[in-house]
file target-v2.txt (compact mmCIF, C-alpha atoms)
# COMPACT_ATOMS: atom_id res chain seq x y z
CA MET B 1 -6.18 72.16 53.63
CA ASN B 2 -7.37 75.56 54.87
CA THR B 3 -8.08 77.86 51.95
CA THR B 4 -10.53 80.67 51.30
CA THR B 5 -10.22 80.65 47.51
CA TYR B 6 -12.74 78.80 45.36
CA TYR B 7 -12.53 78.12 41.64
CA TYR B 8 -14.47 76.83 38.69
CA SER B 9 -13.80 77.06 34.99
CA VAL B 10 -15.73 76.80 31.77
CA ARG B 11 -14.27 75.32 28.61
CA ILE B 12 -15.66 76.91 25.45
CA PHE B 13 -15.34 74.37 22.68
CA THR B 14 -13.85 74.98 19.25
CA GLY B 15 -16.45 76.43 16.90
CA GLN B 16 -18.51 78.16 19.59
CA GLU B 17 -18.38 81.94 19.14
CA PRO B 18 -16.60 83.15 22.33
CA SER B 19 -18.33 86.54 22.27
CA SER B 20 -21.63 84.67 22.77
CA VAL B 21 -20.51 83.25 26.14
CA TRP B 22 -20.48 85.13 29.46
CA VAL B 23 -18.90 83.50 32.54
CA GLY B 24 -18.80 84.67 36.15
CA TRP B 25 -20.82 84.99 39.34
CA VAL B 26 -24.30 86.19 40.29
CA THR B 27 -26.00 86.99 43.60
CA PRO B 28 -29.42 85.61 44.62
CA ASP B 29 -30.92 88.99 43.62
CA PHE B 30 -30.01 88.55 39.95
CA HIS B 31 -32.84 87.59 37.60
CA GLN B 32 -32.45 87.21 33.83
CA HIS B 33 -35.74 87.77 31.99
CA ASP B 34 -34.47 88.63 28.51
CA PRO B 35 -33.33 85.71 26.31
CA ASN B 36 -30.25 87.76 25.29
CA PHE B 37 -27.73 88.58 28.01
CA GLU B 38 -26.49 92.18 27.92
CA VAL B 39 -23.92 93.47 30.38
CA SER B 40 -25.47 96.94 30.06
CA HIS B 41 -28.64 95.60 31.74
CA ILE B 42 -26.83 94.62 34.95
CA CYS B 43 -27.99 96.62 37.97
CA THR B 44 -25.08 98.49 39.56
CA VAL B 45 -24.96 101.14 42.28
CA THR B 46 -22.05 103.07 43.77
CA VAL B 47 -22.29 103.95 47.45
CA THR B 48 -19.99 106.78 48.56
CA MET B 49 -19.54 107.81 52.17
CA GLY B 50 -18.18 111.21 53.02
CA ASP B 51 -18.39 114.08 55.46
CA ASP B 52 -20.20 117.41 55.42
CA LYS B 53 -17.10 119.09 53.90
CA GLY B 54 -17.33 116.97 50.76
CA ASN B 55 -14.41 114.67 51.55
CA VAL B 56 -14.90 111.09 50.36
CA HIS B 57 -14.03 108.51 53.02
CA ASP B 58 -15.13 105.31 51.33
CA SER B 59 -16.74 104.25 48.07
CA ILE B 60 -17.95 100.83 46.96
CA LYS B 61 -19.57 99.67 43.75
CA CYS B 62 -22.27 97.04 44.26
CA SER B 63 -23.79 94.77 41.64
CA ASN B 64 -25.78 91.55 41.38
CA CYS B 65 -23.83 90.10 38.42
CA TYR B 66 -20.08 89.88 37.78
CA MET B 67 -19.24 88.56 34.30
CA VAL B 68 -16.54 88.39 31.64
CA GLU B 69 -17.26 87.90 27.96
CA GLY B 70 -15.59 84.92 26.33
CA GLY B 71 -14.37 86.96 23.35
CA GLY B 72 -14.05 90.51 24.63
CA GLU B 73 -11.69 90.50 27.58
CA PHE B 74 -8.58 88.94 26.14
CA GLY B 75 -6.93 91.42 23.83
CA SER B 76 -6.89 92.13 20.13
CA THR B 77 -9.22 91.03 17.36
CA ALA B 78 -6.50 88.71 16.05
CA GLN B 79 -6.48 86.86 19.38
CA GLN B 80 -10.28 86.63 19.37
CA ALA B 81 -10.23 85.07 15.90
CA TRP B 82 -7.67 82.55 17.15
CA VAL B 83 -9.75 81.77 20.24
CA SER B 84 -12.78 80.69 18.20
CA HIS B 85 -10.60 78.05 16.47
CA ALA B 86 -9.26 76.51 19.68
CA ASN B 87 -10.75 75.62 23.04
CA LEU B 88 -10.82 78.51 25.50
CA VAL B 89 -10.90 77.90 29.25
CA ILE B 90 -12.17 80.77 31.39
CA GLY B 91 -11.32 80.37 35.08
CA CYS B 92 -13.32 82.12 37.81
CA LEU B 93 -11.76 82.57 41.25
CA VAL B 94 -13.21 84.16 44.36
CA ASP B 95 -11.19 84.69 47.54
CA LEU B 96 -13.55 84.82 50.51
CA ALA B 97 -10.88 86.37 52.76
CA THR B 98 -10.33 89.41 50.53
CA SER B 99 -13.72 89.44 48.69
CA LEU B 100 -11.81 89.67 45.42
CA MET B 101 -12.99 87.99 42.19
CA THR B 102 -10.44 87.35 39.47
CA PHE B 103 -10.56 85.60 36.10
CA THR B 104 -8.15 83.69 33.88
CA ALA B 105 -8.11 82.80 30.19
CA ASN B 106 -6.29 79.56 29.35
CA GLY B 107 -4.51 79.78 32.71
CA LYS B 108 -3.31 83.39 32.35
CA ASP B 109 -4.68 86.20 34.52
CA ILE B 110 -6.80 88.77 32.73
CA ASN B 111 -7.24 92.40 33.74
CA THR B 112 -10.85 92.03 34.87
CA PHE B 113 -11.49 91.76 38.59
CA PHE B 114 -14.23 92.74 41.02
CA GLN B 115 -14.14 93.70 44.69
CA VAL B 116 -17.35 92.63 46.40
CA GLU B 117 -18.76 93.34 49.82
CA PRO B 118 -17.85 90.79 52.51
CA ASN B 119 -20.47 88.06 53.07
CA THR B 120 -21.92 88.47 49.56
CA LYS B 121 -23.57 85.21 48.50
CA LEU B 122 -22.29 84.22 45.06
CA PHE B 123 -23.29 81.51 42.62
CA PRO B 124 -21.43 80.40 39.47
CA ALA B 125 -23.21 81.46 36.28
CA VAL B 126 -22.81 81.09 32.53
CA PHE B 127 -24.92 82.70 29.82
CA THR B 128 -24.52 81.55 26.25
CA LEU B 129 -26.06 81.84 22.83
CA PRO B 130 -25.10 78.52 21.18
CA THR B 131 -23.47 78.62 17.77
CA ILE B 132 -22.66 74.88 17.75
CA GLN B 133 -24.22 71.79 19.31
CA THR B 134 -21.53 71.17 21.97
CA VAL B 135 -21.08 74.59 23.55
CA ILE B 136 -19.36 74.48 26.96
CA GLN B 137 -18.09 72.20 29.71
CA PHE B 138 -17.84 73.00 33.43
CA GLU B 139 -14.56 72.01 35.06
CA LEU B 140 -14.02 71.81 38.82
CA GLY B 141 -10.82 71.52 40.84
CA LYS B 142 -8.00 72.15 38.37
CA LEU B 143 -5.75 74.47 40.42
CA LYS B 144 -3.30 73.46 43.15
CA ASN B 145 -4.18 74.66 46.70
CA ILE B 146 -7.54 76.03 45.54
CA MET B 147 -10.83 74.39 46.38
CA PRO B 148 -13.33 73.62 43.63
CA ILE B 149 -16.62 75.47 43.95
CA SER B 150 -18.27 72.12 44.66
CA ALA B 151 -16.39 72.05 48.00
CA ALA B 152 -18.02 75.27 49.25
CA MET B 153 -20.31 74.74 52.21
CA PHE B 154 -23.14 77.21 52.59
CA SER B 155 -23.35 78.32 56.23
CA SER B 156 -27.09 77.55 56.29
CA GLU B 157 -26.29 73.93 55.35
CA ARG B 158 -23.60 73.22 57.98
CA LYS B 159 -25.99 71.33 60.29
CA ASN B 160 -27.81 69.52 57.49
CA PRO B 161 -26.93 65.77 57.55
CA GLU B 162 -27.03 65.81 53.71
CA PRO B 163 -25.65 69.23 52.58
CA GLN B 164 -27.01 70.51 49.29
CA CYS B 165 -27.05 73.67 47.25
CA PRO B 166 -30.10 75.87 47.74
CA PRO B 167 -32.68 75.78 44.91
call {"tool": "encode", "arguments": {"input": "target-v2.txt", "output": "structure tokens"}}
result
Amino acid sequence: MNTTTYYYSVRIFTGQEPSSVWVGWVTPDFHQHDPNFEVSHICTVTVTMGDDKGNVHDSIKCSNCYMVEGGGEFGSTAQQAWVSHANLVIGCLVDLATSLMTFTANGKDINTFFQVEPNTKLFPAVFTLPTIQTVIQFELGKLKNIMPISAAMFSSERKNPEPQCPP
């Protein structure tokens, strides 16, 4: 199978407050020092290229963290109340060919997506403030024709006789 799309998902168990769970991707430059995750603390920069006449030719937004909130991205308050009483599965997809990140909630696409620069190194990430003892579960390889994130081979590890994720 030749695919450029990789996937992982996180199941948020019944009873865990979904708004206390953030799921997505981070770059090696991301460092979380505060015990509480806040999306407003994510470093973001917009690079715009133009000419001397003021015409914009290209613009790209760069970040070191790409996340969705378990309770905030999926619609109305009524839906959020329902979500906390049933398992919620947030899927995270990244297509290396298009550099597009997309997300799903219980198998349905949500309106949050990110376009990243080509060759950006990404790592799966979850931040949570537990409200119950059994909080989340990682799930790999649940979509047809999409590789689980565990199948990704880092280019620096291709010649290693025992490939492994970097520390």
call {"tool": "atom_distance", "arguments": {"input": "target-v2.txt", "atom1": "CA of Met49 in chain B", "atom2": "CA of Leu100 in chain B"}}
result
20.8 Å
call {"tool": "atom_distance", "arguments": {"input": "target-v2.txt", "atom1": "CA of Ser99 in chain B", "atom2": "CA of Asn64 in chain B"}}
result
14.3 Å
call {"tool": "residues_around", "arguments": {"input": "target-v2.txt", "residues": "Asp109 in chain B", "least_positions_apart": "3", "cutoff": "12 Å", "atoms": "all atoms listed in the file", "output": "PDB file with C-alpha atoms, in the coordinates of the input"}}
result
ATOM      1  CA  GLU B  73     -11.690  90.500  27.580  1.00  0.00           C
ATOM      2  CA  PHE B  74      -8.580  88.940  26.140  1.00  0.00           C
ATOM      3  CA  VAL B  89     -10.900  77.900  29.250  1.00  0.00           C
ATOM      4  CA  ILE B  90     -12.170  80.770  31.390  1.00  0.00           C
ATOM      5  CA  GLY B  91     -11.320  80.370  35.080  1.00  0.00           C
ATOM      6  CA  CYS B  92     -13.320  82.120  37.810  1.00  0.00           C
ATOM      7  CA  LEU B  93     -11.760  82.570  41.250  1.00  0.00           C
ATOM      8  CA  MET B 101     -12.990  87.990  42.190  1.00  0.00           C
ATOM      9  CA  THR B 102     -10.440  87.350  39.470  1.00  0.00           C
ATOM     10  CA  PHE B 103     -10.560  85.600  36.100  1.00  0.00           C
ATOM     11  CA  THR B 104      -8.150  83.690  33.880  1.00  0.00           C
ATOM     12  CA  ALA B 105      -8.110  82.800  30.190  1.00  0.00           C
ATOM     13  CA  ASN B 106      -6.290  79.560  29.350  1.00  0.00           C
ATOM     14  CA  THR B 112     -10.850  92.030  34.870  1.00  0.00           C
ATOM     15  CA  PHE B 113     -11.490  91.760  38.590  1.00  0.00           C
TER      16      PHE B 113
END
call {"tool": "closest_residue", "arguments": {"input": "target-v2.txt", "among": "B:Asp95, B:Asp52, B:Glu38, B:Glu69", "to": "Leu122 in chain B", "atoms": "only C-alpha atoms"}}
result
B:Asp95
call {"tool": "atom_distance", "arguments": {"input": "target-v2.txt", "atom1": "CA of Thr3 in chain B", "atom2": "CA of Phe30 in chain B"}}
result
27.2 Å
call {"tool": "closest_residue", "arguments": {"input": "target-v2.txt", "among": "B:Asn55, B:Asn119, B:Ser63, B:Thr4", "to": "His41 in chain B", "atoms": "all atoms listed in the file"}}
result
B:Ser63
call {"tool": "closest_residue", "arguments": {"input": "target-v2.txt", "among": "B:Val94, B:Cys65, B:Val116, B:Ile136", "to": "Pro28 in chain B", "atoms": "all atoms listed in the file"}}
result
B:Cys65
call {"tool": "closest_residue", "arguments": {"input": "target-v2.txt", "among": "B:Ile110, B:Met67, B:Ile42, B:Ile132", "to": "Gln16 in chain B", "atoms": "all atoms listed in the file"}}
result
B:Ile132
call {"tool": "residues_near_point", "arguments": {"input": "target-v2.txt", "point": "(-32.1, 86.6, 20.8)", "cutoff": "8 Å", "atoms": "all atoms listed in the file", "output": "PDB file with C-alpha atoms, keeping the file's coordinate frame"}}
result
ATOM      1  CA  PRO B  35     -33.330  85.710  26.310  1.00  0.00           C
ATOM      2  CA  ASN B  36     -30.250  87.760  25.290  1.00  0.00           C
ATOM      3  CA  LEU B 129     -26.060  81.840  22.830  1.00  0.00           C
TER       4      LEU B 129
END
call {"tool": "residues_around", "arguments": {"input": "target-v2.txt", "residues": "Thr134 in chain B", "least_positions_apart": "3", "cutoff": "10 Å", "atoms": "all atoms listed in the file", "output": "NGL selection string"}}
result
:B and (12-16 or 130-131 or 137)
call {"tool": "residues_near_point", "arguments": {"input": "target-v2.txt", "point": "(-17.3, 76.8, 30.2)", "cutoff": "10 Å", "atoms": "only C-alpha atoms", "output": "PyMOL selection string"}}
result
chain B and resi 8-13+21-24+70+87-91+125-128+135-139
call {"tool": "closest_residue", "arguments": {"input": "target-v2.txt", "among": "B:Gly107, B:Asp58, B:Phe37, B:Pro118", "to": "Ser20 in chain B", "atoms": "all atoms listed in the file"}}
result
B:Phe37
